[in-house]
>>> print(open('entry-v5.cif').read())   # mmCIF, C-alpha atoms
data_work
#
loop_
_atom_site.label_atom_id
_atom_site.label_comp_id
_atom_site.auth_asym_id
_atom_site.auth_seq_id
_atom_site.Cartn_x
_atom_site.Cartn_y
_atom_site.Cartn_z
CA MET A 1 0.00 0.00 0.00
CA LYS A 2 1.33 3.40 -0.91
CA MET A 3 2.38 5.63 1.95
CA ARG A 4 0.03 8.42 0.83
CA LYS A 5 -2.97 6.09 0.92
CA ARG A 6 -1.99 4.72 4.34
CA LEU A 7 -1.59 8.20 5.78
CA LEU A 8 -4.95 9.33 4.39
CA GLU A 9 -6.69 6.22 5.74
CA ALA A 10 -5.06 6.60 9.16
CA THR A 11 -6.03 10.26 9.32
CA ARG A 12 -9.60 9.49 8.22
CA GLU A 13 -10.00 6.79 10.88
CA HIS A 14 -8.43 9.02 13.52
CA LEU A 15 -10.90 11.83 12.80
CA LYS A 16 -13.89 9.47 12.64
CA SER A 17 -12.97 7.92 15.98
CA HIS A 18 -12.84 11.34 17.62
CA VAL A 19 -16.28 12.17 16.24
CA THR A 20 -17.61 8.88 17.60
CA LYS A 21 -16.03 9.52 21.00
CA HIS A 22 -17.60 12.94 21.38
CA VAL A 23 -20.99 11.83 20.05
CA THR A 24 -20.91 9.06 22.66
CA ASN A 25 -20.11 11.62 25.36
CA VAL A 26 -23.16 13.69 24.38
CA GLU A 27 -25.36 10.59 24.34
CA VAL A 28 -24.19 9.69 27.86
CA MET A 29 -24.90 13.20 29.08
CA LEU A 30 -28.36 13.19 27.49
CA THR A 31 -29.39 9.79 28.80
CA ASN A 32 -27.89 10.02 32.28
CA PRO A 33 -26.73 13.55 33.15
CA ILE A 34 -26.18 12.77 36.83
CA ALA A 35 -23.62 10.08 35.93
CA ILE A 36 -20.95 12.73 35.45
CA PRO A 37 -20.76 14.71 38.70
CA GLU A 38 -17.95 17.04 37.62
CA HIS A 39 -20.24 18.50 34.95
CA THR A 40 -22.48 20.72 37.01
CA ASP A 41 -23.30 22.85 33.95
CA ILE A 42 -24.55 20.08 31.67
CA MET A 43 -25.51 22.49 28.88
CA ALA A 44 -21.99 23.93 28.74
CA ALA A 45 -20.54 20.42 28.75
CA ILE A 46 -22.77 19.38 25.85
CA GLU A 47 -21.88 22.54 23.95
CA ALA A 48 -18.17 21.81 24.44
CA GLU A 49 -18.66 18.28 23.11
CA LEU A 50 -20.56 19.63 20.09
CA ALA A 51 -17.65 21.97 19.39
CA HIS A 52 -15.30 18.98 19.36
CA ILE A 53 -17.63 17.08 17.02
CA SER A 54 -17.83 20.06 14.70
CA ASP A 55 -14.06 20.48 14.66
CA TYR A 56 -13.32 16.85 13.79
CA HIS A 57 -16.21 16.65 11.33
CA ASP A 58 -14.97 19.75 9.52
CA LYS A 59 -11.46 18.31 9.32
CA LEU A 60 -12.86 15.08 7.91
CA GLU A 61 -14.80 16.99 5.26
CA VAL A 62 -11.69 18.95 4.27
CA LEU A 63 -9.69 15.73 4.04
CA GLU A 64 -12.33 14.15 1.79
CA LEU A 65 -12.67 17.23 -0.40
CA TYR A 66 -9.03 18.07 -0.98
CA PHE A 67 -7.14 14.83 -0.47
CA LYS A 68 -8.85 12.03 -2.35
CA ASN A 69 -7.37 8.56 -2.63
CA GLU A 70 -5.96 7.69 -6.02
#
>>> encode(input="entry-v5.cif", output="structure tokens")
Amino acid sequence: MKMRKRLLEATREHLKSHVTKHVTNVEVMLTNPIAIPEHTDIMAAIEAELAHISDYHDKLEVLELYFKNE
């Protein structure tokens, strides 16, 4: 496998896994908000997670748009 393709695939999987992680965090907060005692401001915590999702999702879109596999 060419190095370029491996790097693109690794980056894609890395970004997708971060999206999944932060989506999971939001789901946990929505289904059981008292399970995370250090998050007293649940709305701010959800907003922070959404910002992370947006960041990684945007990076994934840029990767797909500008760096296609051959």
>>> atom_distance(input="entry-v5.cif", atom1="atom CA of A:His14", atom2="atom CA of A:Met29")
23.0 Å
>>> residues_around(input="entry-v5.cif", residues="A:Thr20", least_positions_apart="2", cutoff="12 Å", atoms="all atoms listed in the file", output="MDAnalysis selection string")
chainID A and resid 13:18 22:27 49:50 52:54 56:57
>>> closest_residue(input="entry-v5.cif", among="A:Val28, A:Ile42, A:Ala48, A:Leu8", to="A:Glu64", atoms="only C-alpha atoms")
A:Leu8
>>> atom_distance(input="entry-v5.cif", atom1="atom CA of A:Asn69", atom2="atom CA of A:Lys5")
6.2 Å
>>> axis_aligned_box(input="entry-v5.cif", around="stretch 19-30 of chain A", padding_each_side="4 Å", output="JSON")
{"center_x": -22.2, "center_y": 11.3, "center_z": 22.7, "size_x": 20.3, "size_y": 12.8, "size_z": 20.8}
>>> atom_distance(input="entry-v5.cif", atom1="atom CA of A:Ala45", atom2="atom CA of A:Leu63")
27.4 Å
>>> decode(input="entry-v5.cif", residues="chain A", atoms="C-alpha atoms", output="PDB file, in the first residue's frame")
ATOM      1  CA  MET A   1       0.000   0.000   0.000  1.00  0.00           C
ATOM      2  CA  LYS A   2       1.329   3.401  -0.906  1.00  0.00           C
ATOM      3  CA  MET A   3       2.382   5.631   1.945  1.00  0.00           C
ATOM      4  CA  ARG A   4       0.035   8.423   0.835  1.00  0.00           C
ATOM      5  CA  LYS A   5      -2.968   6.091   0.917  1.00  0.00           C
ATOM      6  CA  ARG A   6      -1.993   4.715   4.342  1.00  0.00           C
ATOM      7  CA  LEU A   7      -1.589   8.203   5.777  1.00  0.00           C
ATOM      8  CA  LEU A   8      -4.950   9.326   4.389  1.00  0.00           C
ATOM      9  CA  GLU A   9      -6.692   6.220   5.740  1.00  0.00           C
ATOM     10  CA  ALA A  10      -5.062   6.602   9.157  1.00  0.00           C
ATOM     11  CA  THR A  11      -6.032  10.261   9.324  1.00  0.00           C
ATOM     12  CA  ARG A  12      -9.604   9.489   8.224  1.00  0.00           C
ATOM     13  CA  GLU A  13     -10.000   6.789  10.876  1.00  0.00           C
ATOM     14  CA  HIS A  14      -8.432   9.025  13.524  1.00  0.00           C
ATOM     15  CA  LEU A  15     -10.897  11.829  12.797  1.00  0.00           C
ATOM     16  CA  LYS A  16     -13.886   9.469  12.642  1.00  0.00           C
ATOM     17  CA  SER A  17     -12.968   7.917  15.979  1.00  0.00           C
ATOM     18  CA  HIS A  18     -12.839  11.336  17.624  1.00  0.00           C
ATOM     19  CA  VAL A  19     -16.285  12.169  16.236  1.00  0.00           C
ATOM     20  CA  THR A  20     -17.606   8.878  17.597  1.00  0.00           C
ATOM     21  CA  LYS A  21     -16.029   9.521  21.001  1.00  0.00           C
ATOM     22  CA  HIS A  22     -17.604  12.944  21.381  1.00  0.00           C
ATOM     23  CA  VAL A  23     -20.991  11.825  20.045  1.00  0.00           C
ATOM     24  CA  THR A  24     -20.909   9.064  22.658  1.00  0.00           C
ATOM     25  CA  ASN A  25     -20.111  11.621  25.360  1.00  0.00           C
ATOM     26  CA  VAL A  26     -23.158  13.688  24.380  1.00  0.00           C
ATOM     27  CA  GLU A  27     -25.356  10.588  24.341  1.00  0.00           C
ATOM     28  CA  VAL A  28     -24.188   9.686  27.862  1.00  0.00           C
ATOM     29  CA  MET A  29     -24.902  13.203  29.083  1.00  0.00           C
ATOM     30  CA  LEU A  30     -28.363  13.186  27.487  1.00  0.00           C
ATOM     31  CA  THR A  31     -29.392   9.789  28.796  1.00  0.00           C
ATOM     32  CA  ASN A  32     -27.889  10.016  32.281  1.00  0.00           C
ATOM     33  CA  PRO A  33     -26.734  13.545  33.146  1.00  0.00           C
ATOM     34  CA  ILE A  34     -26.175  12.771  36.829  1.00  0.00           C
ATOM     35  CA  ALA A  35     -23.623  10.080  35.930  1.00  0.00           C
ATOM     36  CA  ILE A  36     -20.946  12.735  35.446  1.00  0.00           C
ATOM     37  CA  PRO A  37     -20.760  14.711  38.700  1.00  0.00           C
ATOM     38  CA  GLU A  38     -17.947  17.040  37.619  1.00  0.00           C
ATOM     39  CA  HIS A  39     -20.244  18.503  34.949  1.00  0.00           C
ATOM     40  CA  THR A  40     -22.484  20.723  37.011  1.00  0.00           C
ATOM     41  CA  ASP A  41     -23.303  22.846  33.951  1.00  0.00           C
ATOM     42  CA  ILE A  42     -24.551  20.078  31.671  1.00  0.00           C
ATOM     43  CA  MET A  43     -25.508  22.491  28.882  1.00  0.00           C
ATOM     44  CA  ALA A  44     -21.991  23.932  28.739  1.00  0.00           C
ATOM     45  CA  ALA A  45     -20.540  20.422  28.750  1.00  0.00           C
ATOM     46  CA  ILE A  46     -22.773  19.379  25.846  1.00  0.00           C
ATOM     47  CA  GLU A  47     -21.880  22.542  23.952  1.00  0.00           C
ATOM     48  CA  ALA A  48     -18.172  21.811  24.436  1.00  0.00           C
ATOM     49  CA  GLU A  49     -18.661  18.278  23.106  1.00  0.00           C
ATOM     50  CA  LEU A  50     -20.561  19.634  20.095  1.00  0.00           C
ATOM     51  CA  ALA A  51     -17.655  21.973  19.389  1.00  0.00           C
ATOM     52  CA  HIS A  52     -15.296  18.982  19.361  1.00  0.00           C
ATOM     53  CA  ILE A  53     -17.628  17.076  17.020  1.00  0.00           C
ATOM     54  CA  SER A  54     -17.833  20.056  14.705  1.00  0.00           C
ATOM     55  CA  ASP A  55     -14.061  20.481  14.657  1.00  0.00           C
ATOM     56  CA  TYR A  56     -13.318  16.853  13.787  1.00  0.00           C
ATOM     57  CA  HIS A  57     -16.215  16.647  11.333  1.00  0.00           C
ATOM     58  CA  ASP A  58     -14.969  19.754   9.521  1.00  0.00           C
ATOM     59  CA  LYS A  59     -11.462  18.309   9.321  1.00  0.00           C
ATOM     60  CA  LEU A  60     -12.860  15.081   7.910  1.00  0.00           C
ATOM     61  CA  GLU A  61     -14.803  16.990   5.258  1.00  0.00           C
ATOM     62  CA  VAL A  62     -11.686  18.952   4.267  1.00  0.00           C
ATOM     63  CA  LEU A  63      -9.691  15.729   4.042  1.00  0.00           C
ATOM     64  CA  GLU A  64     -12.329  14.150   1.794  1.00  0.00           C
ATOM     65  CA  LEU A  65     -12.669  17.232  -0.400  1.00  0.00           C
ATOM     66  CA  TYR A  66      -9.029  18.073  -0.977  1.00  0.00           C
ATOM     67  CA  PHE A  67      -7.141  14.831  -0.466  1.00  0.00           C
ATOM     68  CA  LYS A  68      -8.855  12.031  -2.353  1.00  0.00           C
ATOM     69  CA  ASN A  69      -7.366   8.557  -2.634  1.00  0.00           C
ATOM     70  CA  GLU A  70      -5.963   7.692  -6.022  1.00  0.00           C
TER      71      GLU A  70
END
